[in-house]
Structures are given as C-alpha cells and as structure tokens.
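Dropping coords_36.txt in here (compact mmCIF, C-alpha atoms):
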# COMPACT_ATOMS: atom_id res chain seq x y z
CA MET M 26 7.68 12.76 28.48
CA ALA M 27 6.47 14.05 25.16
CA SER M 28 5.49 17.68 25.40
CA THR M 29 1.82 16.79 24.94
CA LEU M 30 -0.31 13.71 24.48
CA LEU M 31 -3.58 13.81 22.56
CA VAL M 32 -5.82 11.19 24.16
CA GLY M 33 -8.93 10.28 22.21
CA THR M 34 -11.66 8.66 24.29
CA LYS M 35 -15.21 7.42 23.97
CA LYS M 36 -16.40 10.71 25.47
CA GLY M 37 -14.16 13.36 23.95
CA LEU M 38 -10.55 14.45 23.55
CA PHE M 39 -8.19 15.00 26.46
CA VAL M 40 -4.82 16.74 26.40
CA VAL M 41 -2.24 15.33 28.80
CA GLY M 42 0.84 17.41 29.47
CA ASP M 43 3.29 18.44 32.11
CA GLU M 44 0.62 20.65 33.64
CA GLY M 45 -1.92 17.88 34.01
CA VAL M 46 -5.01 16.76 32.14
CA ALA M 47 -7.26 19.14 30.19
CA GLY M 48 -10.60 18.25 28.65
CA PRO M 49 -12.80 16.88 27.49
CA LEU M 50 -12.67 18.78 24.24
CA LEU M 51 -15.52 17.92 21.88
CA PRO M 52 -17.47 16.28 24.71
CA GLY M 53 -19.97 13.72 23.53
CA TRP M 54 -17.91 12.72 20.50
CA GLU M 55 -16.05 9.44 20.25
CA ILE M 56 -12.51 10.41 19.27
CA TYR M 57 -11.10 7.40 17.47
CA HIS M 58 -7.84 9.18 16.61
CA ALA M 59 -6.20 12.57 16.98
CA VAL M 60 -3.03 13.91 15.43
CA ALA M 61 -1.29 17.27 15.36
CA VAL M 62 0.35 18.73 12.24
CA ASP M 63 2.18 22.05 12.52
CA GLY M 64 0.18 22.92 15.62
CA VAL M 65 -3.19 22.07 14.08
CA VAL M 66 -5.09 19.23 15.74
CA TYR M 67 -7.15 16.89 13.55
CA VAL M 68 -9.57 14.40 15.05
CA ALA M 69 -11.56 11.49 13.71
CA ALA M 70 -14.76 12.20 15.66
CA ASN M 71 -17.86 10.02 15.61
CA ASN M 72 -21.26 10.34 17.22
CA PHE M 73 -23.97 7.69 17.21
CA VAL M 74 -26.62 10.28 16.35
CA TYR M 75 -24.79 12.79 14.18
CA GLY M 76 -22.41 10.54 12.26
CA ALA M 77 -18.75 10.56 11.27
CA THR M 78 -16.69 13.72 10.99
CA VAL M 79 -13.18 15.03 10.75
CA GLN M 80 -12.68 18.17 12.80
CA ARG M 81 -9.67 20.48 13.12
CA SER M 82 -8.58 23.09 15.62
CA ALA M 83 -5.85 25.64 15.09
CA ASP M 84 -6.12 27.13 18.59
CA GLY M 85 -5.43 24.18 20.85
CA GLY M 86 -9.03 23.02 20.96
CA SER M 87 -10.83 26.27 21.80
CA THR M 88 -12.66 26.25 18.48
CA TRP M 89 -13.24 23.51 15.93
CA GLU M 90 -14.01 23.40 12.22
CA ARG M 91 -15.63 20.42 10.55
CA SER M 92 -14.52 19.16 7.18
CA ASP M 93 -17.03 19.27 4.38
CA PRO M 94 -19.35 16.24 4.63
CA ILE M 95 -17.53 13.04 3.64
CA GLU M 96 -19.87 10.98 1.52
CA GLY M 97 -19.65 7.24 2.06
CA LEU M 98 -17.96 7.47 5.47
CA ASP M 99 -19.79 5.65 8.26
CA LYS M 100 -17.04 6.01 10.88
CA ALA M 101 -13.78 7.94 10.88
CA TRP M 102 -10.93 5.82 12.23
CA HIS M 103 -7.47 7.20 11.52
CA ILE M 104 -5.86 10.35 10.11
CA GLU M 105 -2.35 10.10 8.68
CA PRO M 106 -0.34 13.19 7.66
CA ALA M 107 1.65 12.91 4.43
CA GLY M 108 3.30 16.34 4.29
CA ASP M 109 2.64 19.49 2.28
CA GLY M 110 -0.94 19.76 3.51
CA VAL M 111 -1.82 16.25 2.39
CA LEU M 112 -3.70 14.02 4.80
CA TYR M 113 -5.16 10.55 4.50
CA LEU M 114 -8.25 9.36 6.33
CA GLY M 115 -9.18 5.73 6.90
CA GLY M 116 -12.62 4.63 7.93
CA ASP M 117 -15.58 2.33 7.78
CA PRO M 118 -16.61 0.71 5.41
CA GLY M 119 -13.03 -0.15 4.44
CA CYS M 120 -12.50 3.25 2.84
CA LEU M 121 -9.59 5.60 2.27
CA PHE M 122 -9.83 9.33 1.60
CA ARG M 123 -7.22 11.94 0.69
CA SER M 124 -7.23 15.64 1.44
CA ASP M 125 -4.99 18.08 -0.43
CA ASP M 126 -6.24 21.14 1.44
CA ALA M 127 -5.31 20.39 5.06
CA GLY M 128 -8.46 18.48 5.84
CA ARG M 129 -11.15 20.81 4.52
CA THR M 130 -12.33 18.46 1.79
CA TRP M 131 -11.76 14.74 1.19
CA GLN M 132 -11.72 12.64 -1.96
CA PRO M 133 -12.31 8.87 -1.90
CA ASN M 134 -9.69 6.46 -3.17
CA GLU M 135 -11.67 4.78 -5.91
CA ALA M 136 -9.17 1.98 -6.51
CA LEU M 137 -9.54 0.72 -2.96
CA ALA M 138 -13.30 1.31 -2.92
CA ASN M 139 -13.65 -0.84 -6.04
CA HIS M 140 -10.92 -3.34 -5.31
CA PRO M 141 -11.60 -6.67 -7.07
CA THR M 142 -11.20 -8.60 -3.80
CA ARG M 143 -13.70 -6.45 -1.91
CA GLY M 144 -16.34 -9.17 -2.01
CA SER M 145 -14.11 -11.24 0.27
CA TRP M 146 -13.72 -8.50 2.89
CA HIS M 147 -15.75 -8.90 6.06
CA PRO M 148 -16.24 -6.58 9.03
CA GLY M 149 -14.45 -7.44 12.25
CA ALA M 150 -15.79 -6.68 15.70
CA GLY M 151 -15.10 -2.97 15.14
CA GLY M 152 -16.67 -2.91 11.69
CA LEU M 153 -14.99 -2.94 8.28
CA CYS M 154 -12.41 -0.40 9.30
CA CYS M 155 -9.41 1.02 7.47
CA HIS M 156 -7.37 1.78 10.57
CA SER M 157 -3.74 1.86 9.43
CA ILE M 158 -2.23 4.12 6.79
CA GLN M 159 1.52 4.34 6.24
CA VAL M 160 3.15 6.77 3.84
CA THR M 161 6.71 5.90 2.80
CA PRO M 162 8.94 7.30 0.05
CA ASP M 163 8.26 4.39 -2.29
CA ALA M 164 4.86 3.03 -1.28
CA LEU M 165 1.54 3.68 0.40
CA TYR M 166 0.17 1.03 2.75
CA VAL M 167 -3.25 0.50 4.29
CA ALA M 168 -4.62 -2.16 6.61
CA ILE M 169 -8.27 -3.04 6.92
CA SER M 170 -9.99 -5.37 9.35
CA ALA M 171 -10.95 -7.92 8.15
CA ALA M 172 -9.54 -7.57 4.66
CA GLY M 173 -5.80 -7.48 5.32
CA ALA M 174 -2.90 -5.28 4.30
CA PHE M 175 -2.50 -3.65 0.90
CA ARG M 176 0.34 -1.80 -0.82
CA SER M 177 0.21 0.77 -3.58
CA ASP M 178 3.35 1.48 -5.61
CA ASP M 179 1.64 4.18 -7.68
CA ASP M 180 0.34 6.65 -5.10
CA GLY M 181 -3.01 4.93 -4.65
CA GLU M 182 -3.86 4.21 -8.29
CA THR M 183 -3.75 0.45 -7.72
CA TRP M 184 -3.53 -1.77 -4.63
CA MET M 185 -1.90 -5.16 -4.13
CA PRO M 186 -2.81 -7.48 -1.22
CA ILE M 187 0.27 -8.23 0.89
CA ASN M 188 -0.90 -11.01 3.17
CA ARG M 189 1.25 -13.95 2.09
CA GLY M 190 2.30 -15.91 5.16
CA ILE M 191 -0.23 -14.29 7.49
CA ALA M 192 -2.46 -16.72 9.36
CA ALA M 193 -6.25 -16.51 9.17
CA ASP M 194 -7.31 -19.44 11.31
CA PHE M 195 -10.89 -18.14 11.54
CA LEU M 196 -11.41 -18.79 7.81
CA PRO M 197 -11.96 -22.15 6.10
CA ASP M 198 -9.02 -21.41 3.78
CA GLU M 199 -6.21 -20.53 6.15
CA SER M 200 -4.07 -18.95 3.44
CA PRO M 201 -6.43 -16.71 1.47
CA GLU M 202 -5.32 -13.70 -0.57
CA VAL M 203 -7.48 -11.35 1.55
CA GLY M 204 -9.85 -11.53 4.53
CA HIS M 205 -7.12 -11.28 7.16
CA CYS M 206 -7.81 -9.55 10.43
CA VAL M 207 -4.87 -7.19 10.71
CA HIS M 208 -5.13 -5.07 13.85
CA LYS M 209 -2.32 -2.56 13.27
CA LEU M 210 0.31 -2.06 10.57
CA LEU M 211 3.38 0.18 10.87
CA ALA M 212 6.32 0.86 8.56
CA HIS M 213 9.65 1.56 10.19
CA PRO M 214 10.74 5.07 9.19
CA GLY M 215 14.44 4.25 9.22
CA ARG M 216 14.57 0.84 7.51
CA PRO M 217 13.12 0.88 3.97
CA GLY M 218 10.81 -2.06 3.35
CA ARG M 219 10.47 -3.08 6.99
CA LEU M 220 6.88 -3.47 8.19
CA TRP M 221 5.48 -4.72 11.47
CA GLN M 222 1.96 -5.84 12.17
CA GLN M 223 -0.08 -7.02 15.10
CA ASN M 224 -2.72 -9.33 13.79
CA HIS M 225 -5.70 -11.23 15.15
CA CYS M 226 -3.54 -14.29 14.49
CA GLY M 227 -0.01 -13.35 15.48
CA THR M 228 2.71 -10.73 15.45
CA TYR M 229 4.66 -10.33 12.20
CA ARG M 230 7.55 -8.52 10.51
CA SER M 231 8.31 -8.09 6.82
CA ASP M 232 11.61 -6.92 5.37
CA ASP M 233 10.43 -6.80 1.75
CA ARG M 234 7.51 -4.33 1.80
CA GLY M 235 5.02 -7.02 2.74
CA ASP M 236 5.79 -9.51 -0.02
CA THR M 237 6.58 -12.06 2.69
CA TRP M 238 6.07 -12.08 6.45
CA LYS M 239 7.88 -13.73 9.35
CA ARG M 240 5.81 -14.73 12.35
CA LEU M 241 7.29 -13.47 15.63
CA ASP M 242 5.22 -15.27 18.24
CA PRO M 243 5.40 -16.89 20.61
CA ASN M 244 9.17 -16.20 21.05
CA GLY M 245 8.29 -15.38 24.64
CA LEU M 246 4.98 -13.61 24.02
CA PRO M 247 2.13 -14.92 26.17
CA SER M 248 -0.44 -14.65 23.37
CA ASP M 249 -0.69 -14.23 19.61
CA PHE M 250 -3.50 -11.68 20.02
CA GLY M 251 -3.35 -7.94 20.62
CA PHE M 252 -4.08 -4.65 18.93
CA GLY M 253 -1.49 -1.90 19.21
CA ILE M 254 2.15 -1.91 18.20
CA ALA M 255 4.77 0.81 18.62
CA LEU M 256 8.14 1.26 16.94
CA ASP M 257 11.31 3.08 17.97
CA PRO M 258 12.36 5.30 15.02
CA ALA M 259 16.00 5.02 16.15
CA ASP M 260 16.07 1.22 16.26
CA PRO M 261 14.49 -0.81 13.43
CA ASP M 262 14.83 -4.01 15.46
CA ALA M 263 12.78 -2.68 18.38
CA ALA M 264 9.03 -3.03 18.75
CA TYR M 265 6.47 -2.99 21.55
CA VAL M 266 3.18 -4.87 21.84
CA ILE M 267 0.55 -5.46 24.54
CA PRO M 268 -0.76 -9.02 24.24
CA GLU M 269 -4.33 -9.88 25.13
CA GLN M 270 -5.87 -13.21 26.01
CA GLY M 271 -7.23 -14.08 22.59
CA ALA M 272 -10.19 -13.05 20.49
CA GLU M 273 -12.78 -14.55 22.80
CA TYR M 274 -11.58 -12.57 25.82
CA ARG M 275 -9.86 -9.34 24.67
CA VAL M 276 -8.36 -8.49 28.03
CA THR M 277 -4.82 -8.65 29.36
CA THR M 278 -3.45 -12.17 29.55
CA GLU M 279 -4.34 -13.53 32.99
CA GLY M 280 -4.95 -9.98 34.15
CA ARG M 281 -1.31 -9.04 33.68
CA LEU M 282 -0.83 -5.64 32.05
CA ALA M 283 2.61 -5.40 30.46
CA VAL M 284 4.29 -3.97 27.42
CA TRP M 285 6.37 -6.63 25.71
CA GLN M 286 9.54 -5.43 24.06
CA THR M 287 11.85 -6.87 21.44
CA ARG M 288 15.22 -5.45 20.46
CA ASP M 289 16.22 -8.24 18.11
CA GLY M 290 13.58 -7.97 15.42
CA GLY M 291 11.08 -10.16 17.23
CA ALA M 292 13.33 -13.16 17.88
CA SER M 293 12.69 -12.69 21.59
CA TRP M 294 10.28 -10.64 23.70
CA SER M 295 10.37 -9.62 27.33
CA PRO M 296 7.79 -7.87 29.51
CA GLU M 297 8.08 -4.43 31.01
CA ALA M 298 5.59 -4.12 33.85
CA ASP M 299 7.31 -2.35 36.74
CA GLY M 300 5.01 0.35 37.97
CA LEU M 301 1.90 -0.93 36.21
CA PRO M 302 -1.13 -2.07 38.26
CA ASP M 303 -1.29 -5.80 38.93
CA PRO M 304 -3.71 -7.32 38.30
CA ALA M 305 -5.30 -5.12 35.65
CA TRP M 306 -8.14 -6.66 33.68
CA THR M 307 -8.24 -4.22 30.82
CA GLY M 308 -7.40 -3.81 27.14
CA VAL M 309 -5.53 -1.44 24.87
CA LEU M 310 -7.09 -0.49 21.54
CA ARG M 311 -5.19 -0.38 18.26
CA ASP M 312 -4.38 3.36 18.18
CA ALA M 313 -3.99 3.74 21.94
CA MET M 314 -0.22 3.19 21.86
CA CYS M 315 2.62 5.30 20.52
CA PHE M 316 6.36 5.91 20.77
CA ASP M 317 7.94 9.30 21.20
CA ALA M 318 11.33 10.54 22.32
CA GLY M 319 10.51 9.76 25.91
CA GLY M 320 9.53 6.15 25.24
CA VAL M 321 6.26 4.28 24.94
CA TYR M 322 2.86 5.72 25.85
CA PHE M 323 -0.42 3.86 26.02
CA GLY M 324 -3.96 4.26 27.27
CA THR M 325 -6.35 1.60 28.51
CA GLN M 326 -10.02 0.89 28.18
CA SER M 327 -10.13 1.50 31.92
CA GLY M 328 -9.22 5.14 31.35
CA SER M 329 -5.59 5.24 32.42
CA VAL M 330 -2.63 6.62 30.46
CA PHE M 331 0.89 5.37 31.15
CA SER M 332 4.38 6.32 30.01
CA THR M 333 7.93 5.20 30.51
CA GLY M 334 11.34 6.35 29.55
CA ARG M 335 13.82 3.88 28.11
CA GLY M 336 14.35 1.28 30.80
CA GLY M 337 12.40 3.25 33.38
CA ASP M 338 9.41 2.31 35.44
CA TRP M 339 5.93 2.98 34.18
CA ARG M 340 4.21 6.10 35.40
CA GLU M 341 0.47 6.82 35.35
CA LEU M 342 -0.09 10.18 33.67
CA ALA M 343 -3.88 10.16 33.83
CA SER M 344 -6.61 8.01 35.36
CA GLN M 345 -10.39 7.80 35.51
CA LEU M 346 -10.75 8.95 31.91
CA PRO M 347 -13.38 7.40 29.64
CA PRO M 348 -12.19 4.33 27.69
CA VAL M 349 -9.14 5.39 25.67
CA CYS M 350 -9.30 4.97 21.89
CA SER M 351 -6.05 6.68 20.88
CA VAL M 352 -2.84 8.16 22.23
CA SER M 353 -0.64 10.42 20.08
CA ALA M 354 2.39 12.51 20.94
CA ALA M 355 2.06 16.09 19.73
CA GLU M 356 3.78 19.45 19.62
CA LEU M 357 1.19 22.18 20.17
CA MET S 24 -38.93 34.20 11.12
CA VAL S 25 -38.93 30.67 12.49
CA SER S 26 -36.91 29.77 15.57
CA VAL S 27 -34.83 26.60 15.45
CA VAL S 28 -33.62 25.27 18.80
CA LEU S 29 -30.69 22.86 19.00
CA PRO S 30 -29.60 20.31 21.62
CA SER S 31 -26.37 21.05 23.43
CA LEU S 32 -24.04 18.90 21.35
CA LEU S 33 -25.25 20.46 18.11
CA ALA S 34 -25.14 23.92 19.66
CA ALA S 35 -21.48 23.37 20.49
CA GLN S 36 -20.87 22.48 16.83
CA ALA S 37 -22.67 25.69 15.83
CA GLY S 38 -20.26 27.93 17.67
CA GLY S 39 -22.17 27.76 20.93
CA ARG S 40 -25.50 29.07 19.59
CA LYS S 41 -28.56 27.18 20.78
CA GLN S 42 -31.12 29.09 18.75
CA PHE S 43 -31.26 30.35 15.19
CA ASP S 44 -33.96 32.55 13.63
CA VAL S 45 -34.31 31.74 9.95
CA ASP S 46 -36.55 32.62 7.02
CA ALA S 47 -37.91 29.37 5.64
CA ALA S 48 -41.12 27.97 4.16
CA THR S 49 -40.75 24.40 5.42
CA VAL S 50 -39.18 22.48 8.28
CA GLY S 51 -36.60 21.02 5.89
CA LEU S 52 -35.56 24.41 4.56
CA ALA S 53 -35.28 25.77 8.10
CA LEU S 54 -32.93 22.95 9.03
CA ARG S 55 -30.97 23.31 5.79
CA ALA S 56 -30.20 26.91 6.76
CA LEU S 57 -28.29 25.83 9.87
CA PRO S 58 -24.50 25.58 10.04
CA VAL S 59 -24.93 22.04 11.39
CA ALA S 60 -27.16 20.78 8.57
CA ASP S 61 -24.54 18.17 7.65
CA LEU S 62 -24.96 16.60 11.11
CA ILE S 63 -28.77 16.55 10.92
CA PHE S 64 -29.13 15.10 7.42
CA ASP S 65 -27.65 11.90 6.09
CA GLY S 66 -26.10 11.46 2.66
CA SER S 67 -29.48 10.92 1.01
CA ALA S 68 -30.81 14.26 2.30
CA GLY S 69 -33.13 12.62 4.80
CA LEU S 70 -32.98 13.07 8.54
CA ARG S 71 -30.44 10.86 10.26
CA PRO S 72 -32.31 7.95 11.87
CA LEU S 73 -31.82 9.11 15.46
CA VAL S 74 -32.62 12.78 14.86
CA ASN S 75 -36.16 13.83 15.80
CA VAL S 76 -37.69 17.16 14.83
CA TYR S 77 -40.67 18.82 16.49
CA LEU S 78 -42.72 21.79 15.29
CA ASP S 79 -44.35 23.58 18.20
CA GLY S 80 -44.10 20.36 20.18
CA ALA S 81 -45.42 17.94 17.56
CA ASP S 82 -43.24 15.35 15.79
CA VAL S 83 -43.02 16.38 12.13
CA ARG S 84 -43.04 12.71 11.13
CA GLY S 85 -46.72 12.83 12.06
CA MET S 86 -47.23 15.75 9.69
CA ASP S 87 -45.58 16.15 6.32
CA GLY S 88 -42.06 15.51 7.57
CA LEU S 89 -39.46 17.85 6.18
CA ALA S 90 -42.08 19.30 3.80
CA THR S 91 -44.23 20.51 6.70
CA PRO S 92 -44.94 24.24 6.16
CA VAL S 93 -43.76 26.68 8.81
CA SER S 94 -44.75 30.26 9.48
CA GLY S 95 -43.48 33.14 11.52
CA GLY S 96 -43.41 32.67 15.27
CA GLN S 97 -43.26 28.89 15.18
CA THR S 98 -40.47 26.91 16.84
CA VAL S 99 -38.64 23.96 15.33
CA ARG S 100 -36.83 21.88 17.92
CA VAL S 101 -34.15 19.28 17.10
CA VAL S 102 -33.89 16.44 19.59
CA ALA S 103 -31.56 13.44 19.63
CA ALA S 104 -33.66 10.28 19.99
CA VAL S 105 -33.47 8.35 23.21
CA ALA S 106 -31.53 5.25 22.27
CA GLY S 107 -29.55 2.62 24.04
CA GLY S 108 -29.62 1.65 27.67
Using structure tokens, write down the structure that the file contains.
Amino acid sequence: MASTLLVGTKKGLFVVGDEGVAGPLLPGWEIYHAVAVDGVVYVAANNFVYGATVQRSADGGSTWERSDPIEGLDKAWHIEPAGDGVLYLGGDPGCLFRSDDAGRTWQPNEALANHPTRGSWHPGAGGLCCHSIQVTPDALYVAISAAGAFRSDDDGETWMPINRGIAADFLPDESPEVGHCVHKLLAHPGRPGRLWQQNHCGTYRSDDRGDTWKRLDPNGLPSDFGFGIALDPADPDAAYVIPEQGAEYRVTTEGRLAVWQTRDGGASWSPEADGLPDPAWTGVLRDAMCFDAGGVYFGTQSGSVFSTGRGGDWRELASQLPPVCSVSAAEL
Amino acid sequence: MVSVVLPSLLAAQAGGRKQFDVDAATVGLALRALPVADLIFDGSAGLRPLVNVYLDGADVRGMDGLATPVSGGQTVRVVAAVAGG
C-alpha cells in the first residue's frame, strides 16, 4: 500500500499506515480534504460554529497552524499543490484562491469570482462548491457544482466554460453553457489534453482539453451517477469509478459496493468487488478515492477504508471511522 | 486583567490553552486579543452566529454586546451555541 493515507472525515483527520490507524487529528473539524507536500500536511477544515479554515502541520499533525483568515470563503473543499510553494484552494461559494507562500495567505481569483456566467450557477446538494482543481503545463482547470468545468489558458486571468456535450437533464435547457453538476474532474498527467469527469449525469472523457466530451456510460456501468474518479498515471486509458443509484438515492447501486474499472478509455467497464462487503448500502464522496502506486484506495460514508493492488482482492485498512470525506496518499 | 475562558475546540486551536488573561476595556477587545479571534469573529467583525459570549455568567447580547465594558477580575467565557439535534 501507499506509505500513508490521509483520511479526512466528518470528525477529524486520521492517518492510516502500515502501523495502523492514528487519530483523530483536529477532532471536531470536518476535514473535506487533506494533502501532503514535502512532508507538510494541509487540510481543508470546516466547523459549523467556527467557520472555514486551511490548516497546516509540519510535524505529522502534532501541531497545526491556521492560514490567515480567508475572506469570502464559506467552506474549504479542496487543496491542490502546484509546485514551488504554490497552492490552490477551492471552496464554497464557487471560489478559487491561490497561495504563493505555502498556504499562509490566500488571494481570490477575481476572474472566476466575477465570471459573466456566474448568475447561472446554482448550488448543488453540497453547496456551490469548487471541488476540483487541476494544474497542467498548458492550462488550469476547475470544476464547480453546479456550474460546470472551466479552463484557463492564461494562468487564471480568464476562464472558459468547457461543458459542450455534457448532459444536464435537471435543467430545462439540456445543453446550456454552464449550470452542469460536475462531481469530479481529473486531468491525466501523462496524456496532454485528456480529461475525465464523473458527473451528476454521466461519466465522460475529453481528449481535447474539454472542448468536446465523449460519454462513457453505460458501456457496462450500472448507473450514470457517482462522485469520485481515480486515474492510473501509468495508463491514460485506465480509470476507476464507484457508481451510485442515482441522484435521488446516493447509495451503492442495489447495495453492491464495487469499483468499476476501464482499461480501454471507457469503452467498457467491469466491476472489481472481491473482498468488499456485500451488501453494503453506503456511498463514496468525491474526494474519498485516489490512486497510488499500490492501486486504488477509497473510503466510505460508513467509515471504512479499502485498498487493492493491481488485480488483487480488496482489503479493509480501517473501519468504524466517522463518514469519510477524503482519501489521499502521502509521504510523511 | 480580564480572564477569557475558551471551549475545548478553541483551546486546541490556541495551542492547548483554555484561559487567557488580557488587558482590555471591552468584551470585544478582550476577544480580539486572543490567538483564535479569527474563529470567533466573522468577516464583518461581528460574532459568528453560533458563538455565545458571557461576562460573569451573563450573555453579553443582553448588555452592550461586544462594547460591554470589562474590568479587572471579571471572566469572559466563550461558548459554542447548542445547535442541531
């Protein structure tokens, strides 16, 4: 398995490693996302009384330092490292921030905050959340629910909606420019221009930086609905999703917990469920899934964390945790 | 000096200290002196909606709020409101 997993939950941060489960760190905080950069852990930590924060620890979680207050941030959702001390933060209400000092201070992205389509953005069940940020050599991408995906070709100075071909069957106009309920967006690190997204209305791939999208369900998938998606950096045609039984239910399809895998760019999908509990009426949130050298890792809203190696059976690494919000592989 | 007492979650964010003794003329200034002031106040410099503050056991909202004068020996207590089920 990965050397360490950072598991963000509704009740604090847990560290899952070869020696077991440690935590909770930051008890009482909802950890929407955690990521490690050069041994420093950053968390998007929210509390219903004390608000939204970004906190960092350079000593494995023994002590924590809060960022300066982040004006305009109602909830912190996702932290994305961009190298050289630069970090991006996505949050509610549909906002993006950048830090050039390793997370001590944050500056809002004004172009996204004042985007001309903003009047057509609407909060999803989780709020108006900027939950996906992808930094590639030639573009910056964000995804917001329910606004859609956006690309910037000028380092965040301007943003272009990239939702052509994405369904939005909950809107009167089923092909709007924005208003889409994207659940997770990832760029493949080894195939320039290739994006994958799990959406409220389907699973998609783009090979032209989001200018057009190809729908990849059903192709064997039991549902068009889900949240997380994971990619194999070594194989641009491989992806992993965990379908759920539609927006009205938001649990595993027919109680069957499985990770569905494609190795042909989404032309076909097959389930991997050996070793997983059956039935399992649960769900997996959008950041609660990742890929690392050892394979796929995910955590459930029932408080379990699972892993597998390539082709191996699933193994439960932790159980009886609070509902899992995020799972990230880390070197600490 | 005025004593300010914090609930456990805020104390953890203040390096583990539950009590601070500060020089301040009002409740608001006493809270502003804390290392967790950003968690107590919202962006408009008012108390966050679910943060309650008591001066010697009385809710400051029933007095002059953050402008309530304080004097030596008094205790300001921060309490997270009971909310939810």
Kindly assemble as CSV a list of the chain M residues that lie within 8 Å of chain S, each paired with its nearest atom pair and their distance in Å to one decimal, using all atoms listed in the file, sorted first by chain and then by ascending residue number.
residue,atom,partner,partner_atom,distance
M:Pro52,CA,S:Leu32,CA,7.8
M:Gly53,CA,S:Leu32,CA,6.9
M:Val74,CA,S:Leu73,CA,5.4
M:Tyr75,CA,S:Leu62,CA,4.9
M:Gly76,CA,S:Leu62,CA,6.7
M:Thr88,CA,S:Gly38,CA,7.8
M:Trp89,CA,S:Gln36,CA,7.8
M:Pro94,CA,S:Asp61,CA,6.3
M:Glu96,CA,S:Gly66,CA,6.4
M:Gly97,CA,S:Gly66,CA,7.7
So that I can see what lies close to range 296-306 of chain M, please list as a PyMOL selection string the residues with an atom at most 12 Å from it, counting all atoms listed in the file and leaving out residues fewer than 6 positions away in the same chain.
chain M and resi 244-247+264-270+274-288+321+323-342+344
One decimal, in Å: what's the spacing between CA of Arg219 in chain M and CA of Gly190 in chain M?
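Taking CA of Arg219 in chain M as the start and CA of Gly190 in chain M as the end point, the length is 15.3 Å.
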Ile95 in chain M environment, 10 Å, all atoms listed in the file, sequence neighbours closer than 5 positions dropped, as a ChimeraX atom specification:
/M:77-79,101,122,130-133 /S:61,66
Selection near Ala136 in chain M, 7 Å with all atoms listed in the file, sequence-local residues under 2 positions removed, as a list in words
Asn134, Ala138, Asn139, His140, Glu182 and Thr183 of chain M
Within 9 Å of range 59-73 of chain M, counting all atoms listed in the file, which residues show up once you throw out same-chain ones fewer than 4 positions away? Write them as an mmCIF file with C-alpha atoms, in the coordinates of the input, please.
data_model
loop_
_atom_site.group_PDB
_atom_site.id
_atom_site.type_symbol
_atom_site.label_atom_id
_atom_site.label_comp_id
_atom_site.auth_asym_id
_atom_site.auth_seq_id
_atom_site.Cartn_x
_atom_site.Cartn_y
_atom_site.Cartn_z
ATOM 1 C CA LEU M 31 -3.580 13.810 22.560
ATOM 2 C CA VAL M 32 -5.820 11.190 24.160
ATOM 3 C CA GLY M 33 -8.930 10.280 22.210
ATOM 4 C CA GLY M 37 -14.160 13.360 23.950
ATOM 5 C CA LEU M 38 -10.550 14.450 23.550
ATOM 6 C CA LEU M 51 -15.520 17.920 21.880
ATOM 7 C CA GLY M 53 -19.970 13.720 23.530
ATOM 8 C CA TRP M 54 -17.910 12.720 20.500
ATOM 9 C CA GLU M 55 -16.050 9.440 20.250
ATOM 10 C CA ALA M 77 -18.750 10.560 11.270
ATOM 11 C CA THR M 78 -16.690 13.720 10.990
ATOM 12 C CA VAL M 79 -13.180 15.030 10.750
ATOM 13 C CA GLN M 80 -12.680 18.170 12.800
ATOM 14 C CA ARG M 81 -9.670 20.480 13.120
ATOM 15 C CA SER M 82 -8.580 23.090 15.620
ATOM 16 C CA ALA M 83 -5.850 25.640 15.090
ATOM 17 C CA ASP M 84 -6.120 27.130 18.590
ATOM 18 C CA GLY M 85 -5.430 24.180 20.850
ATOM 19 C CA GLY M 86 -9.030 23.020 20.960
ATOM 20 C CA ASP M 99 -19.790 5.650 8.260
ATOM 21 C CA LYS M 100 -17.040 6.010 10.880
ATOM 22 C CA ALA M 101 -13.780 7.940 10.880
ATOM 23 C CA TRP M 102 -10.930 5.820 12.230
ATOM 24 C CA HIS M 103 -7.470 7.200 11.520
ATOM 25 C CA ILE M 104 -5.860 10.350 10.110
ATOM 26 C CA GLU M 105 -2.350 10.100 8.680
ATOM 27 C CA PRO M 106 -0.340 13.190 7.660
ATOM 28 C CA GLY M 108 3.300 16.340 4.290
ATOM 29 C CA GLY M 110 -0.940 19.760 3.510
ATOM 30 C CA LEU M 114 -8.250 9.360 6.330
ATOM 31 C CA GLY M 128 -8.460 18.480 5.840
ATOM 32 C CA SER M 351 -6.050 6.680 20.880
ATOM 33 C CA VAL M 352 -2.840 8.160 22.230
ATOM 34 C CA SER M 353 -0.640 10.420 20.080
ATOM 35 C CA ALA M 354 2.390 12.510 20.940
ATOM 36 C CA ALA M 355 2.060 16.090 19.730
ATOM 37 C CA GLU M 356 3.780 19.450 19.620
ATOM 38 C CA LEU M 357 1.190 22.180 20.170
ATOM 39 C CA LEU S 73 -31.820 9.110 15.460
#
For CA of Cys350 in chain M and CA of Lys36 in chain M, determine how far apart the two atoms are, in Å to one decimal place.
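Interatomic distance, CA of Cys350 in chain M to CA of Lys36 in chain M: 9.8 Å.
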Could you pull the residues within 6 Å of Trp221 in chain M, counting all atoms listed in the file, minus those fewer than 2 positions along the same chain, as an MDAnalysis selection string?
chainID M and resid 210:211 229:230
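Across the model, the gap from CA of Gly116 in chain M to CA of Pro30 in chain S is 26.9 Å.
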Can you tell me, as a PDB file with C-alpha atoms, keeping the file's coordinate frame, which residues sit within 8 Å of (0.2, 1.7, 7.9) in the file's frame, using only C-alpha atoms?
ATOM      1  CA  SER M 157      -3.740   1.860   9.430  1.00  0.00           C
ATOM      2  CA  ILE M 158      -2.230   4.120   6.790  1.00  0.00           C
ATOM      3  CA  GLN M 159       1.520   4.340   6.240  1.00  0.00           C
ATOM      4  CA  VAL M 160       3.150   6.770   3.840  1.00  0.00           C
ATOM      5  CA  LEU M 165       1.540   3.680   0.400  1.00  0.00           C
ATOM      6  CA  TYR M 166       0.170   1.030   2.750  1.00  0.00           C
ATOM      7  CA  VAL M 167      -3.250   0.500   4.290  1.00  0.00           C
ATOM      8  CA  ALA M 168      -4.620  -2.160   6.610  1.00  0.00           C
ATOM      9  CA  LYS M 209      -2.320  -2.560  13.270  1.00  0.00           C
ATOM     10  CA  LEU M 210       0.310  -2.060  10.570  1.00  0.00           C
ATOM     11  CA  LEU M 211       3.380   0.180  10.870  1.00  0.00           C
ATOM     12  CA  ALA M 212       6.320   0.860   8.560  1.00  0.00           C
TER      13      ALA M 212
END
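Using only C-alpha atoms, the nearest neighbour of Ser26 in chain S within the list S:Val102, S:Met86, S:Val93, S:Ala68 is S:Val93.
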Residue among M:Thr237, M:Ser92, M:Ser231, M:Asn224 lying closest to Ser170 in chain M, counting only C-alpha atoms:
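With only C-alpha atoms as the atom set, the closest residue is M:Asn224.
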